Every structure is written in structure tokens, then in C-alpha cells.
$ cat work-v1.cif   # mmCIF, C-alpha atoms
data_data
loop_
_atom_site.group_PDB
_atom_site.id
_atom_site.type_symbol
_atom_site.label_atom_id
_atom_site.label_comp_id
_atom_site.auth_asym_id
_atom_site.auth_seq_id
_atom_site.Cartn_x
_atom_site.Cartn_y
_atom_site.Cartn_z
ATOM 1 C CA MET A 1 50.223 -6.312 -20.227
ATOM 2 C CA LYS A 2 50.558 -2.924 -18.543
ATOM 3 C CA THR A 3 54.062 -2.723 -17.093
ATOM 4 C CA ASP A 4 54.266 1.050 -16.648
ATOM 5 C CA LEU A 5 51.909 1.145 -13.667
ATOM 6 C CA PRO A 6 53.276 1.900 -10.181
ATOM 7 C CA ALA A 7 54.256 -1.135 -8.091
ATOM 8 C CA ILE A 8 52.215 0.229 -5.177
ATOM 9 C CA LEU A 9 49.020 2.198 -5.736
ATOM 10 C CA ILE A 10 46.910 4.035 -3.162
ATOM 11 C CA THR A 11 43.305 3.025 -3.801
ATOM 12 C CA GLU A 12 40.210 5.189 -3.340
ATOM 13 C CA ASP A 13 39.799 4.320 0.370
ATOM 14 C CA GLY A 14 43.414 5.314 1.037
ATOM 15 C CA SER A 15 44.776 1.778 1.389
ATOM 16 C CA SER A 16 47.527 0.221 -0.718
ATOM 17 C CA THR A 17 47.434 -2.352 -3.463
ATOM 18 C CA VAL A 18 50.222 -3.882 -5.533
ATOM 19 C CA PHE A 19 50.586 -4.419 -9.280
ATOM 20 C CA SER A 20 51.417 -7.968 -10.370
ATOM 21 C CA GLN A 21 53.867 -8.216 -13.240
ATOM 22 C CA GLN A 22 52.885 -11.881 -13.723
ATOM 23 C CA THR A 23 49.212 -11.165 -14.406
ATOM 24 C CA GLY A 24 49.071 -7.488 -15.334
ATOM 25 C CA GLU A 25 46.461 -6.860 -12.616
ATOM 26 C CA TYR A 26 46.342 -5.278 -9.181
ATOM 27 C CA TYR A 27 45.919 -7.522 -6.161
ATOM 28 C CA HIS A 28 42.944 -5.508 -4.892
ATOM 29 C CA SER A 29 40.230 -3.240 -6.199
ATOM 30 C CA VAL A 30 41.404 0.266 -7.067
ATOM 31 C CA HIS A 31 38.081 1.433 -5.583
ATOM 32 C CA GLY A 32 39.351 0.487 -2.129
ATOM 33 C CA ALA A 33 41.553 -2.424 -1.068
ATOM 34 C CA ILE A 34 40.482 -2.628 2.581
ATOM 35 C CA GLN A 35 36.839 -1.936 1.708
ATOM 36 C CA GLU A 36 36.826 -4.793 -0.789
ATOM 37 C CA SER A 37 38.541 -7.308 1.494
ATOM 38 C CA MET A 38 36.325 -6.442 4.456
ATOM 39 C CA HIS A 39 33.147 -6.683 2.387
ATOM 40 C CA VAL A 40 33.901 -9.862 0.449
ATOM 41 C CA PHE A 41 35.959 -11.963 2.828
ATOM 42 C CA VAL A 42 35.313 -10.798 6.391
ATOM 43 C CA GLU A 43 31.693 -9.650 6.279
ATOM 44 C CA ALA A 44 30.316 -12.124 3.718
ATOM 45 C CA GLY A 45 32.601 -14.986 4.741
ATOM 46 C CA LEU A 46 34.152 -14.985 8.205
ATOM 47 C CA ARG A 47 31.229 -13.303 9.949
ATOM 48 C CA HIS A 48 28.761 -15.537 8.127
ATOM 49 C CA ILE A 49 30.010 -18.926 9.316
ATOM 50 C CA GLU A 50 28.699 -20.398 12.543
ATOM 51 C CA SER A 51 30.746 -20.090 15.717
ATOM 52 C CA ILE A 52 32.996 -23.125 15.989
ATOM 53 C CA GLU A 53 35.850 -24.227 18.231
ATOM 54 C CA GLU A 54 38.523 -23.946 15.546
ATOM 55 C CA ILE A 55 38.267 -22.197 12.191
ATOM 56 C CA ARG A 56 40.269 -23.587 9.290
ATOM 57 C CA ILE A 57 40.585 -21.074 6.484
ATOM 58 C CA LEU A 58 42.034 -21.639 3.026
ATOM 59 C CA GLU A 59 43.057 -18.656 0.936
ATOM 60 C CA VAL A 60 43.741 -19.147 -2.748
ATOM 61 C CA GLY A 61 46.174 -16.305 -3.379
ATOM 62 C CA PHE A 62 47.852 -14.818 -0.277
ATOM 63 C CA GLY A 63 49.193 -11.796 -2.151
ATOM 64 C CA THR A 64 49.577 -8.749 0.089
ATOM 65 C CA GLY A 65 48.361 -10.589 3.194
ATOM 66 C CA LEU A 66 45.494 -8.131 3.631
ATOM 67 C CA ASN A 67 42.800 -10.813 3.927
ATOM 68 C CA CYS A 68 44.895 -12.616 6.532
ATOM 69 C CA LEU A 69 45.481 -9.404 8.491
ATOM 70 C CA LEU A 70 41.791 -8.482 8.536
ATOM 71 C CA SER A 71 40.866 -12.030 9.537
ATOM 72 C CA LEU A 72 43.363 -11.924 12.408
ATOM 73 C CA ALA A 73 41.872 -8.656 13.669
ATOM 74 C CA GLU A 74 38.343 -10.091 13.451
ATOM 75 C CA ILE A 75 39.197 -13.402 15.103
ATOM 76 C CA ALA A 76 41.102 -11.605 17.880
ATOM 77 C CA LYS A 77 37.778 -10.263 19.137
ATOM 78 C CA THR A 78 36.701 -13.748 20.236
ATOM 79 C CA LYS A 79 40.128 -15.458 20.610
ATOM 80 C CA THR A 80 38.801 -18.346 18.530
ATOM 81 C CA ASN A 81 41.538 -20.783 17.486
ATOM 82 C CA ALA A 82 42.266 -20.357 13.798
ATOM 83 C CA ALA A 83 44.495 -22.079 11.259
ATOM 84 C CA TYR A 84 44.980 -20.028 8.096
ATOM 85 C CA TYR A 85 46.329 -21.898 5.053
ATOM 86 C CA ALA A 86 47.521 -19.737 2.154
ATOM 87 C CA LEU A 87 48.550 -21.009 -1.274
ATOM 88 C CA ASP A 88 50.729 -18.621 -3.252
ATOM 89 C CA PRO A 89 53.376 -19.699 -5.777
ATOM 90 C CA PHE A 90 54.730 -16.148 -6.140
ATOM 91 C CA PRO A 91 55.136 -14.610 -2.652
ATOM 92 C CA LEU A 92 55.308 -10.842 -2.482
ATOM 93 C CA ASP A 93 58.799 -9.501 -1.922
ATOM 94 C CA GLU A 94 59.206 -8.458 1.707
ATOM 95 C CA SER A 95 60.581 -5.074 0.620
ATOM 96 C CA ILE A 96 57.202 -4.326 -0.976
ATOM 97 C CA ALA A 97 55.181 -5.797 1.886
ATOM 98 C CA VAL A 98 56.792 -3.480 4.446
ATOM 99 C CA ALA A 99 55.686 -0.462 2.376
ATOM 100 C CA LEU A 100 51.988 -1.369 2.534
ATOM 101 C CA ASN A 101 49.969 0.969 4.752
ATOM 102 C CA TYR A 102 47.220 -1.314 6.109
ATOM 103 C CA CYS A 103 48.307 -1.083 9.735
ATOM 104 C CA GLN A 104 47.881 2.695 9.643
ATOM 105 C CA PHE A 105 44.118 2.200 9.562
ATOM 106 C CA PRO A 106 41.875 2.200 12.670
ATOM 107 C CA GLY A 107 41.805 -1.139 14.459
ATOM 108 C CA LEU A 108 44.872 -2.506 12.653
ATOM 109 C CA GLY A 109 47.751 -0.561 14.185
ATOM 110 C CA GLU A 110 48.377 -3.090 16.940
ATOM 111 C CA TYR A 111 48.987 -5.816 14.334
ATOM 112 C CA GLN A 112 52.006 -4.268 12.590
ATOM 113 C CA ASP A 113 54.443 -6.810 14.046
ATOM 114 C CA ASN A 114 52.051 -9.644 13.217
ATOM 115 C CA PHE A 115 51.741 -8.401 9.643
ATOM 116 C CA SER A 116 55.521 -8.304 9.305
ATOM 117 C CA THR A 117 55.706 -11.869 10.608
ATOM 118 C CA MET A 118 53.197 -12.988 7.973
ATOM 119 C CA HIS A 119 55.587 -11.835 5.249
ATOM 120 C CA ARG A 120 58.789 -13.005 6.913
ATOM 121 C CA ILE A 121 58.206 -16.527 5.652
ATOM 122 C CA SER A 122 57.179 -17.572 2.146
ATOM 123 C CA GLU A 123 56.640 -21.198 3.101
ATOM 124 C CA GLY A 124 55.996 -23.129 6.310
ATOM 125 C CA GLU A 125 54.043 -22.640 9.534
ATOM 126 C CA VAL A 126 54.308 -19.766 11.982
ATOM 127 C CA ALA A 127 52.336 -18.840 15.093
ATOM 128 C CA ILE A 128 51.135 -15.287 14.512
ATOM 129 C CA THR A 129 49.481 -15.192 17.952
ATOM 130 C CA PRO A 130 48.719 -17.927 20.514
ATOM 131 C CA PHE A 131 45.334 -18.469 18.826
ATOM 132 C CA PHE A 132 46.159 -17.780 15.145
ATOM 133 C CA LYS A 133 48.619 -19.808 13.080
ATOM 134 C CA LEU A 134 49.538 -19.213 9.454
ATOM 135 C CA ILE A 135 50.587 -21.993 7.098
ATOM 136 C CA ARG A 136 52.042 -20.676 3.844
ATOM 137 C CA ILE A 137 52.325 -23.055 0.889
ATOM 138 C CA LYS A 138 54.484 -22.007 -2.049
ATOM 139 C CA LEU A 139 52.722 -24.022 -4.739
ATOM 140 C CA ARG A 140 50.372 -23.513 -7.623
ATOM 141 C CA PHE A 141 46.909 -24.546 -6.544
ATOM 142 C CA GLU A 142 46.848 -27.265 -9.205
ATOM 143 C CA GLU A 143 49.872 -28.914 -7.543
ATOM 144 C CA ALA A 144 48.633 -28.773 -3.949
ATOM 145 C CA CYS A 145 47.333 -31.795 -2.051
ATOM 146 C CA LEU A 146 44.427 -30.843 0.219
ATOM 147 C CA SER A 147 43.019 -32.962 3.031
ATOM 148 C CA PRO A 148 39.353 -33.913 2.517
ATOM 149 C CA ASP A 149 36.600 -32.611 4.786
ATOM 150 C CA PHE A 150 38.956 -30.077 6.381
ATOM 151 C CA PHE A 151 38.215 -26.387 5.727
ATOM 152 C CA ASN A 152 35.308 -24.366 7.104
ATOM 153 C CA LEU A 153 35.949 -21.272 5.010
ATOM 154 C CA VAL A 154 37.619 -20.562 1.676
ATOM 155 C CA TYR A 155 38.706 -17.177 0.396
ATOM 156 C CA PHE A 156 38.906 -17.563 -3.372
ATOM 157 C CA ASP A 157 40.967 -14.491 -4.194
ATOM 158 C CA ALA A 158 42.842 -15.557 -7.307
ATOM 159 C CA PHE A 159 43.428 -13.034 -10.073
ATOM 160 C CA SER A 160 40.604 -12.702 -12.594
ATOM 161 C CA ALA A 161 39.432 -15.457 -14.911
ATOM 162 C CA GLU A 162 40.958 -13.485 -17.771
ATOM 163 C CA ALA A 163 44.396 -13.528 -16.095
ATOM 164 C CA GLN A 164 44.217 -17.027 -14.559
ATOM 165 C CA PRO A 165 41.557 -19.006 -16.457
ATOM 166 C CA GLU A 166 43.022 -22.305 -15.212
ATOM 167 C CA LEU A 167 41.813 -21.541 -11.672
ATOM 168 C CA TRP A 168 38.171 -20.768 -12.416
ATOM 169 C CA THR A 169 37.077 -24.228 -13.555
ATOM 170 C CA PRO A 170 34.741 -26.942 -12.261
ATOM 171 C CA GLU A 171 37.810 -29.137 -11.692
ATOM 172 C CA ILE A 172 39.446 -26.596 -9.391
ATOM 173 C CA PHE A 173 36.235 -25.846 -7.531
ATOM 174 C CA GLY A 174 35.627 -29.583 -7.231
ATOM 175 C CA LYS A 175 39.024 -29.984 -5.592
ATOM 176 C CA ILE A 176 38.149 -27.201 -3.170
ATOM 177 C CA ARG A 177 34.727 -28.689 -2.431
ATOM 178 C CA THR A 178 36.300 -32.040 -1.526
ATOM 179 C CA SER A 179 38.587 -30.266 0.950
ATOM 180 C CA MET A 180 35.672 -28.532 2.706
ATOM 181 C CA LYS A 181 33.381 -29.624 5.471
ATOM 182 C CA ALA A 182 29.680 -29.863 4.629
ATOM 183 C CA GLY A 183 28.138 -26.453 5.215
ATOM 184 C CA GLY A 184 31.469 -24.719 4.712
ATOM 185 C CA VAL A 185 31.505 -21.397 2.889
ATOM 186 C CA LEU A 186 33.491 -20.105 -0.090
ATOM 187 C CA VAL A 187 33.478 -16.405 -0.920
ATOM 188 C CA THR A 188 34.878 -14.618 -3.945
ATOM 189 C CA TYR A 189 34.714 -11.144 -5.453
ATOM 190 C CA ALA A 190 33.697 -12.665 -8.812
ATOM 191 C CA ALA A 191 30.079 -12.817 -9.953
ATOM 192 C CA LYS A 192 30.267 -14.001 -13.579
ATOM 193 C CA GLY A 193 27.698 -16.544 -14.665
ATOM 194 C CA SER A 194 30.443 -18.943 -15.750
ATOM 195 C CA VAL A 195 31.946 -18.875 -12.247
ATOM 196 C CA ARG A 196 28.564 -19.447 -10.613
ATOM 197 C CA ARG A 197 27.863 -22.399 -12.909
ATOM 198 C CA ALA A 198 31.297 -23.902 -12.269
ATOM 199 C CA LEU A 199 30.682 -23.711 -8.524
ATOM 200 C CA GLN A 200 27.245 -25.291 -8.836
ATOM 201 C CA GLU A 201 28.630 -28.080 -11.008
ATOM 202 C CA SER A 202 31.176 -28.780 -8.274
ATOM 203 C CA GLY A 203 28.646 -29.278 -5.487
ATOM 204 C CA PHE A 204 28.094 -25.781 -4.159
ATOM 205 C CA CYS A 205 24.873 -23.893 -3.565
ATOM 206 C CA THR A 206 25.520 -20.322 -4.718
ATOM 207 C CA GLU A 207 24.038 -16.945 -3.935
ATOM 208 C CA ARG A 208 24.700 -13.526 -5.406
ATOM 209 C CA LEU A 209 25.346 -10.774 -2.884
ATOM 210 C CA PRO A 210 25.832 -7.026 -3.279
ATOM 211 C CA GLY A 211 29.440 -6.353 -4.216
ATOM 212 C CA PRO A 212 31.977 -3.970 -2.674
ATOM 213 C CA PRO A 213 32.375 -0.388 -3.938
ATOM 214 C CA GLY A 214 32.879 -0.388 -7.694
ATOM 215 C CA LYS A 215 31.364 -3.851 -8.190
ATOM 216 C CA ARG A 216 27.661 -4.673 -8.425
ATOM 217 C CA GLU A 217 27.727 -8.272 -7.167
ATOM 218 C CA MET A 218 29.884 -11.013 -5.620
ATOM 219 C CA LEU A 219 29.350 -14.706 -4.932
ATOM 220 C CA ARG A 220 29.031 -16.769 -1.787
ATOM 221 C CA ALA A 221 28.903 -20.554 -2.143
ATOM 222 C CA THR A 222 27.980 -23.152 0.469
ATOM 223 C CA ALA A 223 29.288 -26.722 0.287
ATOM 224 C CA ASN A 224 26.377 -29.147 0.029
#
$ encode --input "work-v1.cif" --output "C-alpha cells"
Amino acid sequence: MKTDLPAILITEDGSSTVFSQQTGEYYHSVHGAIQESMHVFVEAGLRHIESIEEIRILEVGFGTGLNCLLSLAEIAKTKTNAAYYALDPFPLDESIAVALNYCQFPGLGEYQDNFSTMHRISEGEVAITPFFKLIRIKLRFEEACLSPDFFNLVYFDAFSAEAQPELWTPEIFGKIRTSMKAGGVLVTYAAKGSVRRALQESGFCTERLPGPPGKREMLRATAN
């Protein structure tokens, strides 16, 4: 495991990422943290689902909170009610979170206080805005109890299958599928054949999409 890397790295698009001592990997692509999150989770996921009265999002791996921040900014355009559930057994230390530069980017500056609020709690529910609530769950995904037929959208943003092989299995994806509404969407940066097959075995219809900068492909899966 590489332990001599900087805790915070500025990626190629100028945005921050953080090195995880637990996994030996960065939370985001070094080719561009914001670019990757926008491409994989907002554009291929959030913008893809049909307009509904309330969006229920599950993120596997809250990490830096970047996906949550970008989702808040996107959902703010329509004031759609959103409940954002984030499972993360190892919350980022607030002293690191405050050093991340995401809110310096166009369109995100007005959410600095909201971003700070996201990291002020490591567990529990907090109203980020009147239309966006965050529910943080400090558990390993394997230990979590998920309500069936509940989520419209899943951001599967765990560390790689090499770092966390226990999370990239048909059993885990089956648990996620049970928690999703029919027609719900799961998006992930991964595109390995083993991941695609595990998703299909769990009741998803998968499609390969062009990946973010530095990655050829990604996966989007729809719950059958």
C-alpha cells in the first residue's frame, strides 16, 4: 500500500481528491475528480432518471461528499424533493473535508455552507436545504438493512474491486436490487466484465457507456 502519497491531491481538472489509508487508493480519478463525478453520477445517473415527485438516492461510499454536493446543485435547479442516503463506515475527518476546493468551482460557490453541513455529521439525518435531506449511515454495506422497493437511483462509488472485493459481488448487487424500485438506475465508474456479469446475475439490465476522462467505459444498470 502506498502511504507516502499526499493526503489531498489536486487532480488534472484542478479539483481535489483524498488518499485513503484504508484502501491505498484515491477517492476520485486523478484525471479529474469533478469531471468524473459529473460524468458518471450526475450526467449518466441523475439526469437519466425520469422526473419524479421525490428522488431517493443511495450512495455506496460517501467519501469526500462530492457526489452529494453535485447532486444538490443539480436538484436545486428544479427544487425536486430529494432524500440522499449515504453508507460510509469510515467518514472523512472534517479537518480534511474543509480543505477540499470543490466550492471554488463555477456553480458550486453558493453551496459552501451546505457542503460543510454535509461533513458536520458522520451519522444521522440533516436537512441540507428545505428540499434536500441527507441521511448518513456509519456502517459497512454488508451490515446495513435496506428497505425493499425504495431507491430510484444508486451511486455505486465504492473503492475498486481490487481494494474492496467483498462489495463487487452478485450478493451485494442483489441486496441493492431488492432495495430499488423497478426501473431504478445504478451507475458506477467500473466497467469490468466481472462487474457487469454480477449486476446481470442480480436482476439488472446493463449497458456500457463512454467513461470519464482517463477511462474508456463505465456501466449503467437498470433494475428489471
$ resolve_selection --input "work-v1.cif" --expression "the PyMOL selection byres ((chain A and resi 187) around 7)" --output "number ranges by chain"
A: 40-41, 45, 154-156, 185-186, 188, 219-221
$ write_last_selection --input "work-v1.cif" --atoms "C-alpha atoms" --output "PDB file, in the coordinates of the input"
ATOM      1  CA  VAL A  40      33.901  -9.862   0.449  1.00  0.00           C
ATOM      2  CA  PHE A  41      35.959 -11.963   2.828  1.00  0.00           C
ATOM      3  CA  GLY A  45      32.601 -14.986   4.741  1.00  0.00           C
ATOM      4  CA  VAL A 154      37.619 -20.562   1.676  1.00  0.00           C
ATOM      5  CA  TYR A 155      38.706 -17.177   0.396  1.00  0.00           C
ATOM      6  CA  PHE A 156      38.906 -17.563  -3.372  1.00  0.00           C
ATOM      7  CA  VAL A 185      31.505 -21.397   2.889  1.00  0.00           C
ATOM      8  CA  LEU A 186      33.491 -20.105  -0.090  1.00  0.00           C
ATOM      9  CA  THR A 188      34.878 -14.618  -3.945  1.00  0.00           C
ATOM     10  CA  LEU A 219      29.350 -14.706  -4.932  1.00  0.00           C
ATOM     11  CA  ARG A 220      29.031 -16.769  -1.787  1.00  0.00           C
ATOM     12  CA  ALA A 221      28.903 -20.554  -2.143  1.00  0.00           C
TER      13      ALA A 221
END
$ closest_residue --input "work-v1.cif" --among "A:Ser16, A:Thr169, A:Gly193, A:Arg136" --to "Phe62 (chain A)" --atoms "only C-alpha atoms"
A:Arg136
$ atom_distance --input "work-v1.cif" --atom1 "CA of Arg197 (chain A)" --atom2 "CA of Ala83 (chain A)"
29.3 Å
$ resolve_selection --input "work-v1.cif" --expression "the PyMOL selection byres ((chain A and resi 23) around 10)" --output "list in words"
Met1, Lys2, Phe19, Ser20, Gln21, Gln22, Gly24, Glu25, Tyr26, Tyr27, Phe159, Ser160, Glu162, Ala163 and Gln164 of chain A
$ write_last_selection --input "work-v1.cif" --atoms "C-alpha atoms" --output "compact mmCIF listing (two decimals), keeping the file's coordinate frame"
# COMPACT_ATOMS: atom_id res chain seq x y z
CA MET A 1 50.22 -6.31 -20.23
CA LYS A 2 50.56 -2.92 -18.54
CA PHE A 19 50.59 -4.42 -9.28
CA SER A 20 51.42 -7.97 -10.37
CA GLN A 21 53.87 -8.22 -13.24
CA GLN A 22 52.88 -11.88 -13.72
CA GLY A 24 49.07 -7.49 -15.33
CA GLU A 25 46.46 -6.86 -12.62
CA TYR A 26 46.34 -5.28 -9.18
CA TYR A 27 45.92 -7.52 -6.16
CA PHE A 159 43.43 -13.03 -10.07
CA SER A 160 40.60 -12.70 -12.59
CA GLU A 162 40.96 -13.48 -17.77
CA ALA A 163 44.40 -13.53 -16.10
CA GLN A 164 44.22 -17.03 -14.56
$ closest_residue --input "work-v1.cif" --among "A:Ala190, A:Ser122, A:Tyr85, A:Gly214" --to "Asp13 (chain A)" --atoms "all atoms listed in the file"
A:Gly214
$ closest_residue --input "work-v1.cif" --among "A:Leu92, A:Leu139, A:Ala223, A:Leu153" --to "Val42 (chain A)" --atoms "all atoms listed in the file"
A:Leu153
$ residues_near_point --input "work-v1.cif" --point "(41.5, -13.6, 17.7)" --cutoff "12 Å" --atoms "only C-alpha atoms" --output "tab-separated table (two decimals) with C-alpha atoms, keeping the file's coordinate frame"
chain	number	residue	atom	x	y	z
A	54	GLU	CA	38.52	-23.95	15.55
A	55	ILE	CA	38.27	-22.20	12.19
A	68	CYS	CA	44.90	-12.62	6.53
A	69	LEU	CA	45.48	-9.40	8.49
A	70	LEU	CA	41.79	-8.48	8.54
A	71	SER	CA	40.87	-12.03	9.54
A	72	LEU	CA	43.36	-11.92	12.41
A	73	ALA	CA	41.87	-8.66	13.67
A	74	GLU	CA	38.34	-10.09	13.45
A	75	ILE	CA	39.20	-13.40	15.10
A	76	ALA	CA	41.10	-11.60	17.88
A	77	LYS	CA	37.78	-10.26	19.14
A	78	THR	CA	36.70	-13.75	20.24
A	79	LYS	CA	40.13	-15.46	20.61
A	80	THR	CA	38.80	-18.35	18.53
A	81	ASN	CA	41.54	-20.78	17.49
A	82	ALA	CA	42.27	-20.36	13.80
A	83	ALA	CA	44.50	-22.08	11.26
A	111	TYR	CA	48.99	-5.82	14.33
A	128	ILE	CA	51.14	-15.29	14.51
A	129	THR	CA	49.48	-15.19	17.95
A	130	PRO	CA	48.72	-17.93	20.51
A	131	PHE	CA	45.33	-18.47	18.83
A	132	PHE	CA	46.16	-17.78	15.14
A	133	LYS	CA	48.62	-19.81	13.08
$ closest_residue --input "work-v1.cif" --among "A:Arg196, A:Arg216, A:Arg208, A:Arg140" --to "Ala44 (chain A)" --atoms "all atoms listed in the file"
A:Arg208
$ atom_distance --input "work-v1.cif" --atom1 "CA of Glu123 (chain A)" --atom2 "CA of Ala86 (chain A)"
9.3 Å
$ residues_around --input "work-v1.cif" --residues "Gly32 (chain A)" --least-positions-apart "5" --cutoff "8 Å" --atoms "all atoms listed in the file" --output "list in words"
Thr11, Glu12, Asp13, Gly14, Ser15 and Pro213 of chain A
$ write_last_selection --input "work-v1.cif" --atoms "C-alpha atoms" --output "short mmCIF file (atom, residue, chain, number, x, y, z; two decimals), in the frame of the given file"
data_model
loop_
_atom_site.label_atom_id
_atom_site.label_comp_id
_atom_site.auth_asym_id
_atom_site.auth_seq_id
_atom_site.Cartn_x
_atom_site.Cartn_y
_atom_site.Cartn_z
CA THR A 11 43.30 3.02 -3.80
CA GLU A 12 40.21 5.19 -3.34
CA ASP A 13 39.80 4.32 0.37
CA GLY A 14 43.41 5.31 1.04
CA SER A 15 44.78 1.78 1.39
CA PRO A 213 32.38 -0.39 -3.94
#
$ closest_residue --input "work-v1.cif" --among "A:Glu36, A:Glu171, A:Glu59, A:Glu110" --to "Asp88 (chain A)" --atoms "all atoms listed in the file"
A:Glu59
$ closest_residue --input "work-v1.cif" --among "A:Glu94, A:Thr117, A:Pro89, A:Gln112" --to "Lys138 (chain A)" --atoms "all atoms listed in the file"
A:Pro89
$ build_atoms --input "work-v1.cif" --residues "region 76-90 of chain A" --atoms "N, CA and C atoms" --output "JSON list (two decimals), keeping the file's coordinate frame"
[["chain", "number", "residue", "atom", "x", "y", "z"],
["A", 76, "ALA", "N", 40.56, -12.04, 16.59],
["A", 76, "ALA", "CA", 41.10, -11.60, 17.88],
["A", 76, "ALA", "C", 40.01, -11.15, 18.84],
["A", 77, "LYS", "N", 38.88, -10.74, 18.29],
["A", 77, "LYS", "CA", 37.78, -10.26, 19.14],
["A", 77, "LYS", "C", 37.22, -11.38, 20.00],
["A", 78, "THR", "N", 37.27, -12.62, 19.51],
["A", 78, "THR", "CA", 36.70, -13.75, 20.24],
["A", 78, "THR", "C", 37.76, -14.73, 20.72],
["A", 79, "LYS", "N", 39.03, -14.55, 20.27],
["A", 79, "LYS", "CA", 40.13, -15.46, 20.61],
["A", 79, "LYS", "C", 39.83, -16.90, 20.17],
["A", 80, "THR", "N", 39.05, -17.02, 19.10],
["A", 80, "THR", "CA", 38.80, -18.35, 18.53],
["A", 80, "THR", "C", 40.10, -18.89, 17.94],
["A", 81, "ASN", "N", 40.36, -20.19, 18.10],
["A", 81, "ASN", "CA", 41.54, -20.78, 17.49],
["A", 81, "ASN", "C", 41.36, -20.82, 15.97],
["A", 82, "ALA", "N", 42.37, -20.41, 15.25],
["A", 82, "ALA", "CA", 42.27, -20.36, 13.80],
["A", 82, "ALA", "C", 43.55, -20.86, 13.16],
["A", 83, "ALA", "N", 43.38, -21.65, 12.09],
["A", 83, "ALA", "CA", 44.50, -22.08, 11.26],
["A", 83, "ALA", "C", 44.24, -21.54, 9.86],
["A", 84, "TYR", "N", 45.16, -20.75, 9.36],
["A", 84, "TYR", "CA", 44.98, -20.03, 8.10],
["A", 84, "TYR", "C", 45.99, -20.58, 7.09],
["A", 85, "TYR", "N", 45.49, -21.30, 6.09],
["A", 85, "TYR", "CA", 46.33, -21.90, 5.05],
["A", 85, "TYR", "C", 46.29, -21.01, 3.81],
["A", 86, "ALA", "N", 47.46, -20.65, 3.29],
["A", 86, "ALA", "CA", 47.52, -19.74, 2.15],
["A", 86, "ALA", "C", 48.40, -20.32, 1.06],
["A", 87, "LEU", "N", 47.82, -20.50, -0.11],
["A", 87, "LEU", "CA", 48.55, -21.01, -1.27],
["A", 87, "LEU", "C", 48.95, -19.85, -2.18],
["A", 88, "ASP", "N", 50.25, -19.71, -2.41],
["A", 88, "ASP", "CA", 50.73, -18.62, -3.25],
["A", 88, "ASP", "C", 52.07, -19.01, -3.86],
["A", 89, "PRO", "N", 52.12, -19.28, -5.16],
["A", 89, "PRO", "CA", 53.38, -19.70, -5.78],
["A", 89, "PRO", "C", 54.36, -18.55, -5.98],
["A", 90, "PHE", "N", 53.87, -17.31, -5.90],
["A", 90, "PHE", "CA", 54.73, -16.15, -6.14],
["A", 90, "PHE", "C", 54.61, -15.17, -4.97]]
